[in-house]
Amino acid sequence: MELTGAEIVVQCLKEEGVEHVFGYPGGAVLHIYDAFYKQDDVKHILVRHEQGATHAADGYARSTGKPGVVLVTSGPGATNAVTGIATAYLDSIPMVVLTGQVPRPLIGNDAFQEVDSVGITRPIVKHNFLVEDVKDLASVMKKAFYIATTGRPGPVVVDIPKDVTAHKTEFSYPRDIKVRSYHPTVKGHTGQIKKALDIILDAKCPMIYTGGGVILSNASEELVSFARAIGAPITNTLMGLGAYPASDEQFVGMLGMHGTYEANMSMHNCDVLIAIGARFDDRVTGNLEKFCPSATIVHVDIDPASISKNVKVDVPIVGDVKQVMEDFNKLLQDTKKRPDAAAMKAWWKQVNEWRAQDCLKYDTDTGTIKPQYVIQQLHEATDGDAFVVSDVGQHQMFAAQYYPFDKPRRWINSGGLGTMGFGLPAAMGVQMAHPDETVVCVTGEGSIQMCIQELATCLQYGLPVKIINLNNRFLGMVRQWQEFFYEKRYAMSYMESLPDFVKLAEAYGHIGIKVEKPEDVRAALDKAMTEYKDRLVFIDFITDREENVYPMIPAGAGLNEMILI
Amino acid sequence: MNRKHIISILLENESGALSRVAGLFSARAYNIESLTVAPTDDETLSRMTVVTSGTEEIVEQIMKQLNKLVDVVKLIDLTESSFIERELMLAKVEATSDARSEVKRLADIFRGRIIDVTDNTYTIEMTGKGEKLDAFLTALSSISIYEVVRSGAIGIGRGEKSLTL
Ligand SMILES: Cc1ncc(C[n+]2csc(CCOP(=O)(O)OP(=O)(O)O)c2C)c(N)n1
């Protein structure tokens with residue numbers, strides 16, 4: 001059957017099993033919107049800003065593992081989407097972003113609402129396409145989904161000129177697609193895996209360090225079996241929280257700049273480091289020269305370019321984490337060799353001494369609401385089973401530190417790009433994918449104002465996100481750095497003239513609650529989770545103004561040089 | 001230690017492929033000494049040659065990052081085994097009085113060809129490794145050079161192995 005380009009776009013989305021598209025209309029995509037109007041299979045969610053669309057699709061993808069889909073118009077629609085595309089790119093989130101483009105005859109003429117979307121997004125996408133012929137549209141769409149979701153996932157942009165969406169062609173969706181220049185390695189090298197296992201089983205002080213790759217690859221179960229068999233302490237990066245149950249004895253907390261003392265000390269002192277789906281980010285390693293000085297390093301990652309990029313690795317294993325962990329687990333079953341029990345006992349004694357430092361303790365009798373306390377109460381009020389979506393700043397670190405995650409895909413944050421404004425729209429996407437689950441957005445009065453307009457979207461689609469605003473009247477993370485490294489010169493880190501968030505929430509048709517005393521924290525949370533279960537609730541917690549995130553590794557220091565409280 | 005590497009790439013012959021490679025080098029602050037690209041006998045493919053320099057670690061990263069680009073079909077670091085390198089140069093130089101015969105003599109020694117002549121200038125065509133072309137320009141010493149156009153290096157591996165699909 002002959003279809004227009006616009007109809008083909010919608011058909012392709014159906015073929016891919018896409019249920020939700022987050023977008024915003026405009027001239028260049030009107031044909032596509034018209035095609036959307038004429039069907040009910042793919043639901044379009046109208047956001048209030050294209051940045052919101054990308055973050056919502058991103059949150060949707062992070063919480064489900066399915067690709068997020070975005071539709072925006074040319075020019076300003078595309079440029080508004082850029083921050084969200086970059087956010088997804090840095091965290092390797094599968095996403096397909098359809099951008100409208102001016103008609104082909106106008107391209108290059110500085111036409112109305114023309115920007116070079118392919119050029120602008122090139123460095124922040126896994127790949128992108130400009131569709132120059134309606135005959136290519138279906139195969140490009142197929143390639144876009146294929147590339148976005150396989151190998152190391154990432155966002156793919158498809159730029160579609162308006163005239164292409166009007167042209168007609170015979171439609172058939174390709175069943176399989178081959179891209180001759182794209183062959184991600186999924187199966188790890190058996191020899192390398194054997195070699196790695198030998199080294200791991202010979203270790204006296206092994207340490208497991210895992211990142212977002214474990215979550216992307218749905219490899220939590222395999223990781224748990226592996227970690228149990230090895231018996232080593234295990235830490236997760238900010239991106240990897242929930243991949244290993246936080247309530248398990250072997251879990252020593254998050255590592256890195258605001259990681260726990262026990263995680264960072266175990267890293268620093270281990271003799272074999274097993275890095276899985278992690279990329280040795282600078283917020284994790286601290287000073288590279290001081291990183292894991294006596295460790296033999298095994299690194300499992302699907303992206304060869306991640307291996308030995310920042311830290312020289314001794315045993316690289318390129319492959320999909322899930323498959324590689326399965327291989328490890330099979331080998332562990334087949335071998336009689338076991339970890340050195342005496343050495344492990346001594347190692348754990350040491351690790352537990354570090355743990356006894358209780359580095360996450362904080363002063364509880366100040367009479368003010370401590371942000372840490374709010375998060376702990378939130379954990380209880382949600383039975384530790386909420387989807388926690390965060391913005392960027394101190395509140396993000398508090399959430400990561402004080403909400404122990406026992407399941408993957410429950411902790412959703414912008415780790416790589418650190419995008420303020422991510423929280424609310426991402427939470428919206430998560431809630432759209434999980435209508436019956438509790439979704440909370442932990443944010444600050446700075447971050448929430450960056451995408452606050454999405455409150456309207458939440459009303460339109462009945463998304464009962466619970467917003468936990470840790471309101472310290474400061475751009476807290478900036479202020480903390482200024483306190484530590486700029487002698488308290490608080491340049492522009494102070495939020496003057498804050499809105500009345502309760503009224504603001506109400507103006508958008510939601511419930512607003514202000515909490516000023518520690519003793520009211522829990523009641524407000526409980527009320528939000530029960531009485532207002534089906535409503536969006538904005539809880540404005542007036543928190544301790546100058547609370548800091550501890551522990552902290554200052555820039556240039558090693559993992560063993562933490563500032564404790 | 002920084003060393004020169006010549007990376008030969010088979011690239012999809014598609015619009016934008018060149019900017020992906022060029023953009024990668026600038027975004028990641030990799031060195032780029034020269035870059036040439038042209039279609040091959042297979043019209044769907046371009047062959048690109050990039051001359052870069054860096055430590056072993058950096059060049060390893062460059063190779064991996066290039067390989068990650070979806071438009072890159074295959075690549076090799078020619079400098080890892082024996083190879084042939086060539087560059088084409090066109091140079092317009094002074095050719096008055098004494099210089100006229102001197103330029104001719106030097107061009108002959110370096111196996112260059114004079115391909116355009118005016119009363120005051122010679123235009124010389126020369127191919128070879130980059131160092132040879134450099135040496136020729138140095139040898140001209142006091143003779144004025146008006147214009148130099150170089151193609152950038154291209155290369156091919158020696159022996160029977162070839163970089164094809
Ligand atoms: C879009 C964007 N701009 C600037 C920053 C730099 N930045 C990081 S944290 C932060 C302060 C965040 O303040 P708030 O949301 O109130 O959270 P708090 O740190 O107080 O918990 C800023 C400005 C950023 N991460 N993202």
# chains A, B, ... in the order shown; residues from 1 in each chain; ligands from 1
>>> residues_near_ligand(ligand="ligand 1", cutoff="10 Å", atoms="only C-alpha atoms and all ligand atoms", output="PyMOL selection string")
chain A and resi 83+371+390-399+414-415+417-423+442-450+469-481+492-495+543+545-549
>>> select_by_dssp(residues="region 340-560 of chain A", states="strand (DSSP E)", output="list in words")
Phe387, Val388, Val389, Ser390, Trp411, Ile412, Val439, Val440, Cys441, Val442, Thr443, Gly444, Lys466, Ile467, Ile468, Asn469, Leu470, Asn471, Ile511, Gly512, Ile513, Lys514, Val515, Val537, Phe538, Ile539, Asp540, Phe541 and Ile542 of chain A
>>> write_last_selection(atoms="N, CA, C and O atoms", output="short mmCIF file (atom, residue, chain, number, x, y, z; two decimals), in the first residue's frame")
data_model
loop_
_atom_site.label_atom_id
_atom_site.label_comp_id
_atom_site.auth_asym_id
_atom_site.auth_seq_id
_atom_site.Cartn_x
_atom_site.Cartn_y
_atom_site.Cartn_z
N PHE A 387 9.93 4.21 42.57
CA PHE A 387 10.83 4.70 41.54
C PHE A 387 11.28 6.09 42.01
O PHE A 387 10.43 6.96 42.18
N VAL A 388 12.55 6.23 42.26
CA VAL A 388 13.04 7.52 42.74
C VAL A 388 13.79 8.20 41.61
O VAL A 388 14.82 7.71 41.14
N VAL A 389 13.23 9.31 41.15
CA VAL A 389 13.85 10.05 40.06
C VAL A 389 14.43 11.31 40.68
O VAL A 389 13.77 11.95 41.50
N SER A 390 15.64 11.65 40.32
CA SER A 390 16.21 12.80 40.99
C SER A 390 16.67 13.86 40.00
O SER A 390 16.89 13.60 38.82
N TRP A 411 16.20 3.61 40.49
CA TRP A 411 16.91 4.86 40.77
C TRP A 411 17.25 5.49 39.42
O TRP A 411 17.96 4.89 38.61
N ILE A 412 16.70 6.67 39.20
CA ILE A 412 16.81 7.28 37.89
C ILE A 412 17.35 8.69 38.01
O ILE A 412 16.71 9.55 38.63
N VAL A 439 5.95 6.86 42.11
CA VAL A 439 7.08 7.54 41.48
C VAL A 439 7.32 8.85 42.22
O VAL A 439 6.41 9.67 42.33
N VAL A 440 8.52 9.00 42.75
CA VAL A 440 8.82 10.25 43.43
C VAL A 440 9.93 10.98 42.68
O VAL A 440 10.77 10.37 42.02
N CYS A 441 9.88 12.29 42.78
CA CYS A 441 10.92 13.12 42.18
C CYS A 441 11.59 13.87 43.31
O CYS A 441 10.98 14.73 43.94
N VAL A 442 12.84 13.51 43.60
CA VAL A 442 13.59 14.21 44.64
C VAL A 442 14.31 15.37 43.96
O VAL A 442 15.06 15.17 43.00
N THR A 443 14.05 16.57 44.44
CA THR A 443 14.58 17.73 43.73
C THR A 443 14.96 18.83 44.71
O THR A 443 14.86 18.67 45.93
N GLY A 444 15.46 19.93 44.14
CA GLY A 444 15.79 21.10 44.95
C GLY A 444 15.09 22.30 44.34
O GLY A 444 14.61 22.24 43.20
N LYS A 466 5.10 12.24 42.99
CA LYS A 466 5.26 12.90 44.28
C LYS A 466 6.57 13.68 44.25
O LYS A 466 7.65 13.08 44.15
N ILE A 467 6.44 14.99 44.35
CA ILE A 467 7.64 15.83 44.27
C ILE A 467 8.14 16.13 45.68
O ILE A 467 7.41 16.67 46.51
N ILE A 468 9.38 15.73 45.93
CA ILE A 468 10.00 15.93 47.24
C ILE A 468 11.00 17.06 47.06
O ILE A 468 12.12 16.84 46.58
N ASN A 469 10.60 18.26 47.38
CA ASN A 469 11.48 19.41 47.16
C ASN A 469 12.29 19.67 48.42
O ASN A 469 11.74 20.09 49.44
N LEU A 470 13.60 19.41 48.35
CA LEU A 470 14.46 19.68 49.50
C LEU A 470 14.92 21.13 49.36
O LEU A 470 15.91 21.44 48.70
N ASN A 471 14.14 21.99 50.00
CA ASN A 471 14.29 23.43 49.76
C ASN A 471 15.23 24.04 50.78
O ASN A 471 14.85 24.32 51.91
N ILE A 511 -1.79 19.23 44.39
CA ILE A 511 -1.76 19.41 45.83
C ILE A 511 -0.39 19.96 46.23
O ILE A 511 0.64 19.43 45.79
N GLY A 512 -0.37 20.97 47.07
CA GLY A 512 0.89 21.48 47.59
C GLY A 512 0.90 21.39 49.10
O GLY A 512 -0.11 21.65 49.74
N ILE A 513 2.04 20.97 49.66
CA ILE A 513 2.16 20.87 51.12
C ILE A 513 3.50 21.48 51.50
O ILE A 513 4.52 21.18 50.87
N LYS A 514 3.50 22.32 52.51
CA LYS A 514 4.77 22.88 52.99
C LYS A 514 5.08 22.26 54.34
O LYS A 514 4.21 22.17 55.20
N VAL A 515 6.30 21.81 54.54
CA VAL A 515 6.69 21.18 55.80
C VAL A 515 7.89 21.92 56.36
O VAL A 515 8.92 22.05 55.70
N VAL A 537 1.50 15.42 44.17
CA VAL A 537 1.69 16.18 45.40
C VAL A 537 3.08 16.80 45.37
O VAL A 537 4.07 16.12 45.08
N PHE A 538 3.12 18.09 45.64
CA PHE A 538 4.38 18.82 45.71
C PHE A 538 4.63 19.12 47.18
O PHE A 538 3.93 19.92 47.78
N ILE A 539 5.61 18.41 47.78
CA ILE A 539 5.91 18.68 49.18
C ILE A 539 7.17 19.54 49.26
O ILE A 539 8.25 19.13 48.82
N ASP A 540 6.99 20.71 49.80
CA ASP A 540 8.09 21.67 49.90
C ASP A 540 8.69 21.55 51.31
O ASP A 540 8.14 22.08 52.27
N PHE A 541 9.78 20.81 51.42
CA PHE A 541 10.43 20.64 52.72
C PHE A 541 11.44 21.77 52.94
O PHE A 541 12.40 21.89 52.18
N ILE A 542 11.20 22.56 53.96
CA ILE A 542 12.14 23.64 54.26
C ILE A 542 13.27 23.04 55.10
O ILE A 542 13.09 22.75 56.28
#
>>> closest_atom_pairs(of="chain B", to="chain A", cutoff="7 Å", atoms="only C-alpha atoms", output="tab-separated table")
residue	atom	partner	partner_atom	distance
B:Gln61	CA	A:Ala305	CA	6.3
B:Lys64	CA	A:Ala305	CA	5.1
B:Gln65	CA	A:Ala305	CA	6.0
B:Val70	CA	A:Tyr182	CA	5.7
B:Asp71	CA	A:Ser181	CA	6.3
B:Val72	CA	A:Ser181	CA	5.9
B:Val73	CA	A:Ser181	CA	4.2
>>> atom_distance(atom1="CA of Glu516 (chain A)", atom2="CA of Asp500 (chain A)")
13.5 Å
>>> closest_residue(among="B:Val117, B:Val21, B:Ile9, B:Val59", to="Arg47 (chain B)", atoms="only C-alpha atoms")
B:Ile9
>>> residues_around(residues="Val51 (chain B)", least_positions_apart="4", cutoff="7 Å", atoms="only C-alpha atoms", output="list in words")
His5, Ile6, Ile7, Ile32, Glu33, Ser34 and Leu35 of chain B
>>> closest_residue(among="A:Cys205, A:Glu249, A:Val321, A:Pro103", to="Ala342 (chain A)", atoms="only C-alpha atoms")
A:Cys205
>>> closest_residue(among="A:Ala28, A:Ala433, A:Ala144, A:Met239", to="Ala61 (chain A)", atoms="only C-alpha atoms")
A:Ala433
>>> select_by_dssp(residues="region 15-82 of chain B", states="alpha helix (DSSP H)", output="VMD selection string")
chain B and resid 17 to 27 56 to 68
>>> residues_around(residues="Thr164 (chain B)", least_positions_apart="2", cutoff="8 Å", atoms="only C-alpha atoms", output="PyMOL selection string")
chain B and resi 10+74+162
>>> write_last_selection(atoms="N, CA and C atoms", output="PDB file, in the first residue's frame")
ATOM      1  N   LEU B  10      38.004   2.742   5.762  1.00  0.00           N
ATOM      2  CA  LEU B  10      36.937   2.584   4.769  1.00  0.00           C
ATOM      3  C   LEU B  10      35.666   3.132   5.394  1.00  0.00           C
ATOM      4  N   LYS B  74      35.667  -0.148   8.184  1.00  0.00           N
ATOM      5  CA  LYS B  74      36.895  -0.862   8.570  1.00  0.00           C
ATOM      6  C   LYS B  74      38.009   0.141   8.715  1.00  0.00           C
ATOM      7  N   SER B 162      44.815  -6.737   1.736  1.00  0.00           N
ATOM      8  CA  SER B 162      44.285  -5.416   1.440  1.00  0.00           C
ATOM      9  C   SER B 162      43.106  -5.076   2.333  1.00  0.00           C
TER      10      SER B 162
END
>>> closest_residue(among="B:Asn13, B:Ile58, B:Tyr30, B:Ile115", to="Leu45 (chain B)", atoms="only C-alpha atoms")
B:Asn13
>>> atom_distance(atom1="CA of Met95 (chain A)", atom2="CA of Val69 (chain A)")
5.8 Å
>>> closest_residue(among="A:Gly462, A:Gly188, A:Gly65, A:Pro161", to="Pro105 (chain A)", atoms="only C-alpha atoms")
A:Pro161
